[in-house]
Amino acid sequence: MAYWLAKSEPSTYSWDDLIKEKQTCWSGVRNYAARLHLRSMKKGDEVFFYHSNEGTDIVGIAKVVKEAYQDPTTEDDKWVAVDLKPVRKLKKPVTLETIKKDKRLAQMALVRIGRLSVQPVTDEEWAVVLELAGE
């Protein structure tokens, strides 16, 4: 199993929206690197749900329930989407500020290439974030 982080602005699509809907199509990604990550996601992989711009914190864990398929928001077959469902809300959100202060997370994609909307998370980074969340 691999780990990932997916970003969304809460005003566009929040963790609460995912909880309410019980599953979503993660579509509309138009960055080449993020597209490669979406294509690499496998059913069962876990994903940190990150609120960007308005809050900047990891708030929950989702799971990939459908692997990459044609993004329904475009006719261009180069772009893909995956389906995610919520697993659980973190006990305590982990802020970007907290992540940046923790030396163990200095190489995390969220710190190094912060604008990337879908990114891999290493096993070690996953464990550290869960620790910071009180999990």
# chains A, B, ... in the order shown; residues from 1 in each chain; ligands from 1
call {"tool": "select_by_dssp", "arguments": {"residues": "chain A", "states": "helix (DSSP H, G or I)", "output": "VMD selection string"}}
result
chain A and resid 15 to 21 32 to 40 96 to 101 103 to 105 109 to 112 123 to 132
call {"tool": "residues_around", "arguments": {"residues": "range 30-43 of chain A", "least_positions_apart": "3", "cutoff": "12 Å", "atoms": "only C-alpha atoms", "output": "PDB file with C-alpha atoms, in the first residue's frame"}}
result
ATOM      1  CA  MET A   1       0.000   0.000   0.000  1.00  0.00           C
ATOM      2  CA  ALA A   2       1.184   3.508  -0.823  1.00  0.00           C
ATOM      3  CA  TYR A   3       0.354   6.785   0.879  1.00  0.00           C
ATOM      4  CA  TRP A   4      -0.636  10.080  -0.693  1.00  0.00           C
ATOM      5  CA  LEU A   5      -1.777  13.608   0.096  1.00  0.00           C
ATOM      6  CA  ALA A   6      -4.537  15.375  -1.827  1.00  0.00           C
ATOM      7  CA  LYS A   7      -5.326  19.063  -1.440  1.00  0.00           C
ATOM      8  CA  CYS A  25     -14.531  11.611  -7.800  1.00  0.00           C
ATOM      9  CA  TRP A  26     -11.191  13.432  -7.331  1.00  0.00           C
ATOM     10  CA  SER A  27     -11.267  15.282 -10.641  1.00  0.00           C
ATOM     11  CA  GLU A  46      -4.612   5.829   1.904  1.00  0.00           C
ATOM     12  CA  VAL A  47      -4.652   9.565   1.322  1.00  0.00           C
ATOM     13  CA  ALA A  62      -9.386   8.934   2.787  1.00  0.00           C
ATOM     14  CA  LYS A  63      -8.952   5.731   0.812  1.00  0.00           C
ATOM     15  CA  VAL A  64      -8.718   5.117  -2.930  1.00  0.00           C
ATOM     16  CA  VAL A  65     -11.751   3.059  -3.944  1.00  0.00           C
ATOM     17  CA  LYS A  66     -11.446   3.367  -7.731  1.00  0.00           C
ATOM     18  CA  GLU A  67      -8.188   3.655  -9.641  1.00  0.00           C
ATOM     19  CA  ALA A  68      -7.455   6.182 -12.388  1.00  0.00           C
ATOM     20  CA  TYR A  69     -10.077   6.644 -15.092  1.00  0.00           C
ATOM     21  CA  GLN A  70     -10.982   9.338 -17.628  1.00  0.00           C
ATOM     22  CA  ASP A  71     -11.628  12.616 -15.794  1.00  0.00           C
ATOM     23  CA  THR A  73     -14.689  17.144 -16.207  1.00  0.00           C
ATOM     24  CA  THR A  74     -12.850  17.170 -19.553  1.00  0.00           C
ATOM     25  CA  ASP A  76      -9.217  15.339 -23.064  1.00  0.00           C
ATOM     26  CA  ASP A  77      -8.405  11.686 -22.368  1.00  0.00           C
ATOM     27  CA  LYS A  78      -4.962  12.584 -20.999  1.00  0.00           C
ATOM     28  CA  TRP A  79      -6.467  13.680 -17.658  1.00  0.00           C
ATOM     29  CA  VAL A  80      -7.577  11.203 -15.023  1.00  0.00           C
ATOM     30  CA  ALA A  81      -9.522  11.059 -11.782  1.00  0.00           C
ATOM     31  CA  VAL A  82      -9.734   8.581  -8.903  1.00  0.00           C
ATOM     32  CA  ASP A  83     -12.535   7.913  -6.437  1.00  0.00           C
ATOM     33  CA  LEU A  84     -11.944   8.494  -2.732  1.00  0.00           C
ATOM     34  CA  LYS A  85     -13.994   7.673   0.333  1.00  0.00           C
ATOM     35  CA  ALA A 109       6.645  17.020  -0.792  1.00  0.00           C
ATOM     36  CA  ILE A 113       6.861  21.494  -3.586  1.00  0.00           C
ATOM     37  CA  GLY A 114       3.910  22.964  -1.765  1.00  0.00           C
ATOM     38  CA  ARG A 115       1.786  23.842  -4.789  1.00  0.00           C
ATOM     39  CA  LEU A 116       1.471  20.233  -5.986  1.00  0.00           C
ATOM     40  CA  SER A 117      -2.167  19.170  -5.449  1.00  0.00           C
ATOM     41  CA  VAL A 118      -1.609  15.385  -5.341  1.00  0.00           C
ATOM     42  CA  GLN A 119       1.641  14.074  -3.925  1.00  0.00           C
ATOM     43  CA  PRO A 120       3.233  10.940  -2.493  1.00  0.00           C
ATOM     44  CA  VAL A 121       3.852  10.519   1.230  1.00  0.00           C
TER      45      VAL A 121
END
call {"tool": "closest_residue", "arguments": {"among": "A:Glu124, A:Gly60, A:Ser8, A:Lys22", "to": "Ala106 in chain A", "atoms": "only C-alpha atoms"}}
result
A:Glu124
call {"tool": "residues_around", "arguments": {"residues": "Met108 in chain A", "least_positions_apart": "2", "cutoff": "8 Å", "atoms": "only C-alpha atoms", "output": "PyMOL selection string"}}
result
chain A and resi 105-106+110-112+121-122+125
call {"tool": "write_last_selection", "arguments": {"atoms": "N, CA and C atoms", "output": "PDB file, in the first residue's frame"}}
result
ATOM      1  N   LEU A 105      10.148  15.917   8.803  1.00  0.00           N
ATOM      2  CA  LEU A 105       9.310  16.108   7.623  1.00  0.00           C
ATOM      3  C   LEU A 105       9.908  17.112   6.637  1.00  0.00           C
ATOM      4  N   ALA A 106      11.177  17.439   6.798  1.00  0.00           N
ATOM      5  CA  ALA A 106      11.830  18.448   5.954  1.00  0.00           C
ATOM      6  C   ALA A 106      11.820  18.079   4.471  1.00  0.00           C
ATOM      7  N   LEU A 110       5.037  18.178   0.596  1.00  0.00           N
ATOM      8  CA  LEU A 110       4.234  19.323   1.029  1.00  0.00           C
ATOM      9  C   LEU A 110       5.114  20.512   1.409  1.00  0.00           C
ATOM     10  N   VAL A 111       6.294  20.242   1.916  1.00  0.00           N
ATOM     11  CA  VAL A 111       7.240  21.284   2.308  1.00  0.00           C
ATOM     12  C   VAL A 111       8.068  21.731   1.100  1.00  0.00           C
ATOM     13  N   ARG A 112       8.536  20.776   0.311  1.00  0.00           N
ATOM     14  CA  ARG A 112       9.443  21.080  -0.800  1.00  0.00           C
ATOM     15  C   ARG A 112       8.750  21.642  -2.036  1.00  0.00           C
ATOM     16  N   VAL A 121       3.425  10.393  -0.168  1.00  0.00           N
ATOM     17  CA  VAL A 121       3.852  10.519   1.230  1.00  0.00           C
ATOM     18  C   VAL A 121       4.585   9.227   1.571  1.00  0.00           C
ATOM     19  N   THR A 122       5.779   9.325   2.127  1.00  0.00           N
ATOM     20  CA  THR A 122       6.532   8.119   2.486  1.00  0.00           C
ATOM     21  C   THR A 122       5.921   7.468   3.731  1.00  0.00           C
ATOM     22  N   GLU A 125       6.964   9.516   6.745  1.00  0.00           N
ATOM     23  CA  GLU A 125       6.196  10.771   6.844  1.00  0.00           C
ATOM     24  C   GLU A 125       4.778  10.505   7.328  1.00  0.00           C
TER      25      GLU A 125
END
call {"tool": "select_by_dssp", "arguments": {"residues": "chain A", "states": "strand (DSSP E or B)", "output": "PDB file with C-alpha atoms, in the first residue's frame"}}
result
ATOM      1  CA  TYR A   3       0.354   6.785   0.879  1.00  0.00           C
ATOM      2  CA  TRP A   4      -0.636  10.080  -0.693  1.00  0.00           C
ATOM      3  CA  LEU A   5      -1.777  13.608   0.096  1.00  0.00           C
ATOM      4  CA  ALA A   6      -4.537  15.375  -1.827  1.00  0.00           C
ATOM      5  CA  LYS A   7      -5.326  19.063  -1.440  1.00  0.00           C
ATOM      6  CA  SER A   8      -8.597  20.898  -1.678  1.00  0.00           C
ATOM      7  CA  THR A  24     -16.154  11.451  -4.405  1.00  0.00           C
ATOM      8  CA  CYS A  25     -14.531  11.611  -7.800  1.00  0.00           C
ATOM      9  CA  TRP A  26     -11.191  13.432  -7.331  1.00  0.00           C
ATOM     10  CA  GLU A  46      -4.612   5.829   1.904  1.00  0.00           C
ATOM     11  CA  VAL A  47      -4.652   9.565   1.322  1.00  0.00           C
ATOM     12  CA  PHE A  48      -4.216  12.482   3.694  1.00  0.00           C
ATOM     13  CA  PHE A  49      -6.955  15.041   3.038  1.00  0.00           C
ATOM     14  CA  TYR A  50      -5.365  18.491   3.188  1.00  0.00           C
ATOM     15  CA  HIS A  51      -7.263  21.767   3.404  1.00  0.00           C
ATOM     16  CA  ASP A  57      -3.848  21.530   7.572  1.00  0.00           C
ATOM     17  CA  ILE A  58      -4.234  17.794   7.195  1.00  0.00           C
ATOM     18  CA  VAL A  59      -7.668  16.999   8.595  1.00  0.00           C
ATOM     19  CA  GLY A  60      -8.486  13.417   7.653  1.00  0.00           C
ATOM     20  CA  ILE A  61      -7.660  10.159   5.929  1.00  0.00           C
ATOM     21  CA  ALA A  62      -9.386   8.934   2.787  1.00  0.00           C
ATOM     22  CA  LYS A  63      -8.952   5.731   0.812  1.00  0.00           C
ATOM     23  CA  VAL A  64      -8.718   5.117  -2.930  1.00  0.00           C
ATOM     24  CA  VAL A  65     -11.751   3.059  -3.944  1.00  0.00           C
ATOM     25  CA  LYS A  66     -11.446   3.367  -7.731  1.00  0.00           C
ATOM     26  CA  GLU A  67      -8.188   3.655  -9.641  1.00  0.00           C
ATOM     27  CA  ALA A  68      -7.455   6.182 -12.388  1.00  0.00           C
ATOM     28  CA  TYR A  69     -10.077   6.644 -15.092  1.00  0.00           C
ATOM     29  CA  GLN A  70     -10.982   9.338 -17.628  1.00  0.00           C
ATOM     30  CA  VAL A  80      -7.577  11.203 -15.023  1.00  0.00           C
ATOM     31  CA  ALA A  81      -9.522  11.059 -11.782  1.00  0.00           C
ATOM     32  CA  VAL A  82      -9.734   8.581  -8.903  1.00  0.00           C
ATOM     33  CA  ASP A  83     -12.535   7.913  -6.437  1.00  0.00           C
ATOM     34  CA  LEU A  84     -11.944   8.494  -2.732  1.00  0.00           C
ATOM     35  CA  LYS A  85     -13.994   7.673   0.333  1.00  0.00           C
ATOM     36  CA  PRO A  86     -13.410   8.914   3.874  1.00  0.00           C
ATOM     37  CA  VAL A  87     -11.757   6.643   6.433  1.00  0.00           C
ATOM     38  CA  ARG A  88     -11.607   8.906   9.483  1.00  0.00           C
ATOM     39  CA  LYS A  89     -11.074  12.420  10.699  1.00  0.00           C
ATOM     40  CA  LEU A  90      -7.751  12.950  12.458  1.00  0.00           C
ATOM     41  CA  LYS A  91      -7.969  13.402  16.238  1.00  0.00           C
ATOM     42  CA  LYS A  92      -6.155  16.702  15.810  1.00  0.00           C
ATOM     43  CA  PRO A  93      -5.536  18.537  12.518  1.00  0.00           C
ATOM     44  CA  VAL A  94      -1.857  18.825  11.604  1.00  0.00           C
ATOM     45  CA  THR A  95      -1.044  22.317  10.379  1.00  0.00           C
ATOM     46  CA  VAL A 118      -1.609  15.385  -5.341  1.00  0.00           C
ATOM     47  CA  GLN A 119       1.641  14.074  -3.925  1.00  0.00           C
ATOM     48  CA  PRO A 120       3.233  10.940  -2.493  1.00  0.00           C
ATOM     49  CA  VAL A 121       3.852  10.519   1.230  1.00  0.00           C
TER      50      VAL A 121
END
call {"tool": "decode", "arguments": {"residues": "range 67-89 of chain A", "atoms": "N, CA and C atoms", "output": "CSV table (one decimal), in the first residue's frame"}}
result
chain,number,residue,atom,x,y,z
A,67,GLU,N,-9.4,3.2,-9.0
A,67,GLU,CA,-8.2,3.7,-9.6
A,67,GLU,C,-8.4,4.6,-10.8
A,68,ALA,N,-7.4,5.2,-11.3
A,68,ALA,CA,-7.5,6.2,-12.4
A,68,ALA,C,-8.4,5.8,-13.6
A,69,TYR,N,-9.2,6.8,-13.9
A,69,TYR,CA,-10.1,6.6,-15.1
A,69,TYR,C,-10.2,8.0,-15.7
A,70,GLN,N,-10.8,8.1,-16.9
A,70,GLN,CA,-11.0,9.3,-17.6
A,70,GLN,C,-11.7,10.4,-16.7
A,71,ASP,N,-11.1,11.5,-16.6
A,71,ASP,CA,-11.6,12.6,-15.8
A,71,ASP,C,-12.9,13.1,-16.5
A,72,PRO,N,-14.0,13.0,-15.8
A,72,PRO,CA,-15.3,13.4,-16.4
A,72,PRO,C,-15.5,14.9,-16.6
A,73,THR,N,-14.5,15.7,-16.1
A,73,THR,CA,-14.7,17.1,-16.2
A,73,THR,C,-14.0,17.7,-17.5
A,74,THR,N,-13.5,16.8,-18.3
A,74,THR,CA,-12.9,17.2,-19.6
A,74,THR,C,-13.0,16.1,-20.6
A,75,GLU,N,-13.0,16.5,-21.9
A,75,GLU,CA,-13.0,15.5,-22.9
A,75,GLU,C,-11.6,15.0,-23.3
A,76,ASP,N,-10.6,15.7,-22.8
A,76,ASP,CA,-9.2,15.3,-23.1
A,76,ASP,C,-8.9,14.1,-22.3
A,77,ASP,N,-8.6,13.0,-23.0
A,77,ASP,CA,-8.4,11.7,-22.4
A,77,ASP,C,-7.1,11.6,-21.7
A,78,LYS,N,-6.3,12.6,-21.7
A,78,LYS,CA,-5.0,12.6,-21.0
A,78,LYS,C,-5.1,12.8,-19.5
A,79,TRP,N,-6.3,13.4,-19.1
A,79,TRP,CA,-6.5,13.7,-17.7
A,79,TRP,C,-7.3,12.6,-17.0
A,80,VAL,N,-6.9,12.3,-15.8
A,80,VAL,CA,-7.6,11.2,-15.0
A,80,VAL,C,-8.1,11.7,-13.7
A,81,ALA,N,-9.0,10.8,-13.1
A,81,ALA,CA,-9.5,11.1,-11.8
A,81,ALA,C,-9.5,9.7,-11.0
A,82,VAL,N,-9.6,9.8,-9.7
A,82,VAL,CA,-9.7,8.6,-8.9
A,82,VAL,C,-10.9,8.8,-8.0
A,83,ASP,N,-11.5,7.8,-7.4
A,83,ASP,CA,-12.5,7.9,-6.4
A,83,ASP,C,-12.0,7.7,-5.0
A,84,LEU,N,-12.4,8.6,-4.1
A,84,LEU,CA,-11.9,8.5,-2.7
A,84,LEU,C,-13.2,8.4,-1.8
A,85,LYS,N,-13.0,7.7,-0.7
A,85,LYS,CA,-14.0,7.7,0.3
A,85,LYS,C,-13.3,8.0,1.7
A,86,PRO,N,-14.0,8.6,2.6
A,86,PRO,CA,-13.4,8.9,3.9
A,86,PRO,C,-13.2,7.7,4.7
A,87,VAL,N,-12.1,7.7,5.5
A,87,VAL,CA,-11.8,6.6,6.4
A,87,VAL,C,-12.0,7.2,7.8
A,88,ARG,N,-11.4,8.3,8.2
A,88,ARG,CA,-11.6,8.9,9.5
A,88,ARG,C,-11.0,10.3,9.6
A,89,LYS,N,-11.6,11.1,10.4
A,89,LYS,CA,-11.1,12.4,10.7
A,89,LYS,C,-9.9,12.2,11.7
